[in-house]
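Trainee: Input: one structure, supplied below.
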Amino acid sequence: MRFLLDAEQRAFARSLDAMLTAADPPAVVRAWGTGDHSPGLALWSRLADAGVFALAIPEAYEGVGPLPVELAVAFVELGRHAVPGPLVETVTAAALLTELGESGPAKRLLPPLASGASVATLAQEGSYALDADAAAVLLTVDGDALRLAPGHGPVRASLDRARRLARPEPGGELLACGPHLTVAAAHALTWARLATAAQALGVGLALLDRTVAHVKRRTQFGVPVGSFQAVKHQLADAKIALEFARPLLFGAALTMARADVAAAKVTACEAAYATARTALQLHGAIGYTAECDLSLWLTKARALRTAWGSPSACRSEVLSGAGLTERDR
């Protein structure tokens with residue numbers, strides 16, 4: 001089966017690509033990593049104007065969604081350009097609030113997320129919150145209680161310089177509680193994994209493009225490194241893995257079934273991680289340096305691999321959806 005984007009979806013991807021190319025994302029990422037959020041939030045506002053965050057929010061709350069396929073299209077481009085910020089977390093918070101319905105805080109919190117006026121992040125079960133220092137809305141899910149945290153603790157650096165971590169402060173306004181929150185959180189996790197898978201696919205595609213360009217320029221023994229058969233095989237393997245992940249991603253966006261999305265997430269993230277390892281090897285020593293722009297995608301591929309579900313957790317979800325267990329593998 002072939003999953004092809006229509007003309008409008010392709011035009012949307014091209015417009016985001018042009019916008020992000022002009023924004024000089026590596027400079028934005030480096031500023032974000034030092035705690036300077038101004039360039040990143042300016043870019044965030046432009047993405048919101050393009051309708052990116054509204055894709056996860058229903059029209060009743062000033063969004064245009066939910067449109068998971070278009071969201072996947074957008075997040076591939078966000079990953080391709082290594083855009084920083086709690087992108088997945090804002091979508092996850094929107095999905096959670098939407099699922100809680102009008103009886104929850106959706107009417108108050110969702111319109112600013114759709115417009116880009118607010119940035120949201122989300123922490124579960126006492127975990128770290130991503131980019132809490134840049135978020136106006138810091139949600140915590142602890143058991144069957146959803147709270148609006150009053151603040152956060154010290155910010156920690158992570159492997160990916162564009163992913164700054166902090167513990168939310170305890171307490172805060174109680175937004176929702178009860179068994180229905182568990183159902184809403186599971187729904188939001190599906191959206192988180194879809195967005196993460198799309199972002200990872202974009203990261204992998206960027207790594208492959210940059211590595212192909214590098215091996216064409218770099219010469220050894222008077223010929224381009226890319227002409228060596230071993231190099232071609234490594235790049236071909238990376239290309240095949242990424243292209244295999246693409247239809248799984250868009251197929252999952254069509255069904256939004258938990259097992260389908262988990263399969264897309266593990267496949268896209270593993271493909272991006274394998275491509276990162278190939279890119280690092282073929283770039284040689286410069287690939288290890290923080291000064292090289294390649295590092296912005298290398299570290300993101302590693303971070304996304306375990307974000308919102310490790311490979312083993314996603315595989316277990318797939319097996320569970322098929323009525324199997326780990327012993328049946």
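Residues in the structure tokens are numbered from 1 in each chain, the chains being A, B, ... in the order shown, and ligands are numbered from 1 in the order shown.
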Give one line per residue of segment 23-115 of chain A that approaches segment 130-139 of chain A to at most 7 Å, naming the two atoms of the closest pair and their distance in Å to one decimal, counting only C-alpha atoms; sort by chain then ascending residue number and deliver it as JSON lines.
Mentor:
{"residue": "A:His37", "atom": "CA", "partner": "A:Ala134", "partner_atom": "CA", "distance": 6.8}
{"residue": "A:Gly85", "atom": "CA", "partner": "A:Asp131", "partner_atom": "CA", "distance": 6.4}
{"residue": "A:Pro86", "atom": "CA", "partner": "A:Asp131", "partner_atom": "CA", "distance": 6.1}
Trainee: Using only C-alpha atoms, determine which residues lie at most 8 Å from Glu62 of chain A, disregarding the query and same-chain residues fewer than 3 positions distant; provide the list as a PyMOL selection string.
Mentor: chain A and resi 54+57-59+110-111+114-115
Trainee: So which one's closest to Lys216 of chain A, A:Ala185, A:Arg164, A:His283, A:Leu174? Using only C-alpha atoms, please.
Mentor: A:His283
Trainee: Need to verify the contact set: Arg302 of chain A, 10 Å, only C-alpha atoms, exclusion of same-chain residues closer than 3 positions in sequence. Can you return it as a ChimeraX atom specification?
Mentor: /A:159-160,200,269-270,272-274,276-277,297-299,305-307
Trainee: Between A:Gln9, A:Thr34, A:Ser127, A:Thr190, which is the closest to Ala257 of chain A once you count only C-alpha atoms?
Mentor: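 Checking each of A:Gln9, A:Thr34, A:Ser127, A:Thr190 against Ala257 of chain A, counting only C-alpha atoms, the winner is A:Thr190.
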Trainee: Output as a PyMOL selection string all residues of segment 73-134 of chain A that backbone DSSP marks as helix (DSSP H, G or I).
Mentor: chain A and resi 73-80+87-100+106-115
Trainee: Taking the backbone alone, and naming residues the way the document does, which bits of segment 102-244 of chain A are strand (DSSP E or B) by DSSP, as JSON, numbers by chain?
Mentor: {"A": [120, 121, 122, 123, 124, 129, 130, 137, 138, 139, 140, 141, 142, 145, 146, 147, 148, 152, 156, 165, 166, 168, 173, 174, 175, 176, 177, 219, 220, 223, 224]}
Trainee: Identify which of the residues A:Leu249, A:Ala157, A:Ala213, A:Ala123 lies closest to Val76 of chain A, counting only C-alpha atoms when measuring atom-to-atom distances.
Mentor: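 Using only C-alpha atoms, the shortest distance to Val76 of chain A belongs to A:Leu249.
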Trainee: Take atom CA of Val266 of chain A and atom CA of Arg315 of chain A and report the distance between them in Å, one decimal.
Mentor: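 Separation between atom CA of Val266 of chain A and atom CA of Arg315 of chain A: 7.1 Å.
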Trainee: Please identify all polymer residues within 8 Å of His187 of chain A, counting only C-alpha atoms, omitting same-chain residues fewer than 4 positions from it, and present them as a VMD selection string.
Mentor: chain A and resid 95 to 96 99 183 191
Trainee: If I take atom CA of Asp142 of chain A and atom CA of Leu87 of chain A, how far is one from the other in Å, to one decimal?
Mentor: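 Value for the atom CA of Asp142 of chain A-atom CA of Leu87 of chain A distance: 21.4 Å.
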Trainee: Please list as a list in words every residue within 9 Å of segment 16-28 of chain A, counting only C-alpha atoms and excluding residues in the same chain fewer than 3 positions away.
Mentor: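 So, after excluding close chain neighbours, the residues are Ala11, Phe12, Ala13, Ala31, Trp32, Gly33, Asp36, His37, Ser38, Pro39, Gly40, Leu43, Arg46, Leu47, Ala50, Ala74, Glu77, Leu78, Arg80, His81, Ala82, Val83, Pro84, Asp293 and Leu296 of chain A.
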Trainee: Might you pull out every residue within 10 Å of Ile240 of chain A, with only C-alpha atoms counted and same-chain residues fewer than 5 positions away left off, and present them as an MDAnalysis selection string?
Mentor: chainID A and resid 235 245 271
Trainee: Which one is closest to Ala188 of chain A: A:Lys300, A:Arg246, A:Arg258, A:Arg14? Count only C-alpha atoms.
Mentor: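 So, comparing all the options, the nearest one is A:Arg258.
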Trainee: Which neighbours of Pro179 of chain A fall inside 10 Å, counting only C-alpha atoms, when residues of the same chain fewer than 4 positions from it are skipped, and could you give them as a PyMOL selection string?
Mentor: chain A and resi 143-145+183-184
Trainee: Store the residues picked out above in a file with all heavy atoms, as an mmCIF file, in the first residue's frame.
Mentor:
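The file below, result_25.cif, is the result:
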data_model
loop_
_atom_site.group_PDB
_atom_site.id
_atom_site.type_symbol
_atom_site.label_atom_id
_atom_site.label_comp_id
_atom_site.auth_asym_id
_atom_site.auth_seq_id
_atom_site.Cartn_x
_atom_site.Cartn_y
_atom_site.Cartn_z
ATOM 1 N N GLY A 143 -0.917 10.052 38.901
ATOM 2 C CA GLY A 143 -2.033 9.163 39.190
ATOM 3 C C GLY A 143 -3.269 9.584 38.417
ATOM 4 O O GLY A 143 -3.246 9.682 37.194
ATOM 5 N N ASP A 144 -4.342 9.862 39.149
ATOM 6 C CA ASP A 144 -5.578 10.284 38.497
ATOM 7 C C ASP A 144 -5.855 11.767 38.715
ATOM 8 O O ASP A 144 -7.005 12.200 38.723
ATOM 9 C CB ASP A 144 -6.766 9.448 38.984
ATOM 10 C CG ASP A 144 -7.014 9.608 40.491
ATOM 11 O OD1 ASP A 144 -6.184 10.257 41.171
ATOM 12 O OD2 ASP A 144 -8.040 9.093 40.970
ATOM 13 N N ALA A 145 -4.776 12.558 38.874
ATOM 14 C CA ALA A 145 -4.922 14.001 39.096
ATOM 15 C C ALA A 145 -4.105 14.784 38.075
ATOM 16 O O ALA A 145 -2.930 14.474 37.826
ATOM 17 C CB ALA A 145 -4.491 14.375 40.508
ATOM 18 N N VAL A 183 -7.964 7.613 30.952
ATOM 19 C CA VAL A 183 -8.321 7.412 29.552
ATOM 20 C C VAL A 183 -7.792 8.559 28.699
ATOM 21 O O VAL A 183 -7.231 8.349 27.613
ATOM 22 C CB VAL A 183 -9.858 7.301 29.406
ATOM 23 C CG1 VAL A 183 -10.256 7.195 27.941
ATOM 24 C CG2 VAL A 183 -10.377 6.112 30.198
ATOM 25 N N ALA A 184 -7.949 9.790 29.196
ATOM 26 C CA ALA A 184 -7.468 10.960 28.461
ATOM 27 C C ALA A 184 -5.948 10.945 28.320
ATOM 28 O O ALA A 184 -5.408 11.307 27.268
ATOM 29 C CB ALA A 184 -7.923 12.238 29.162
#
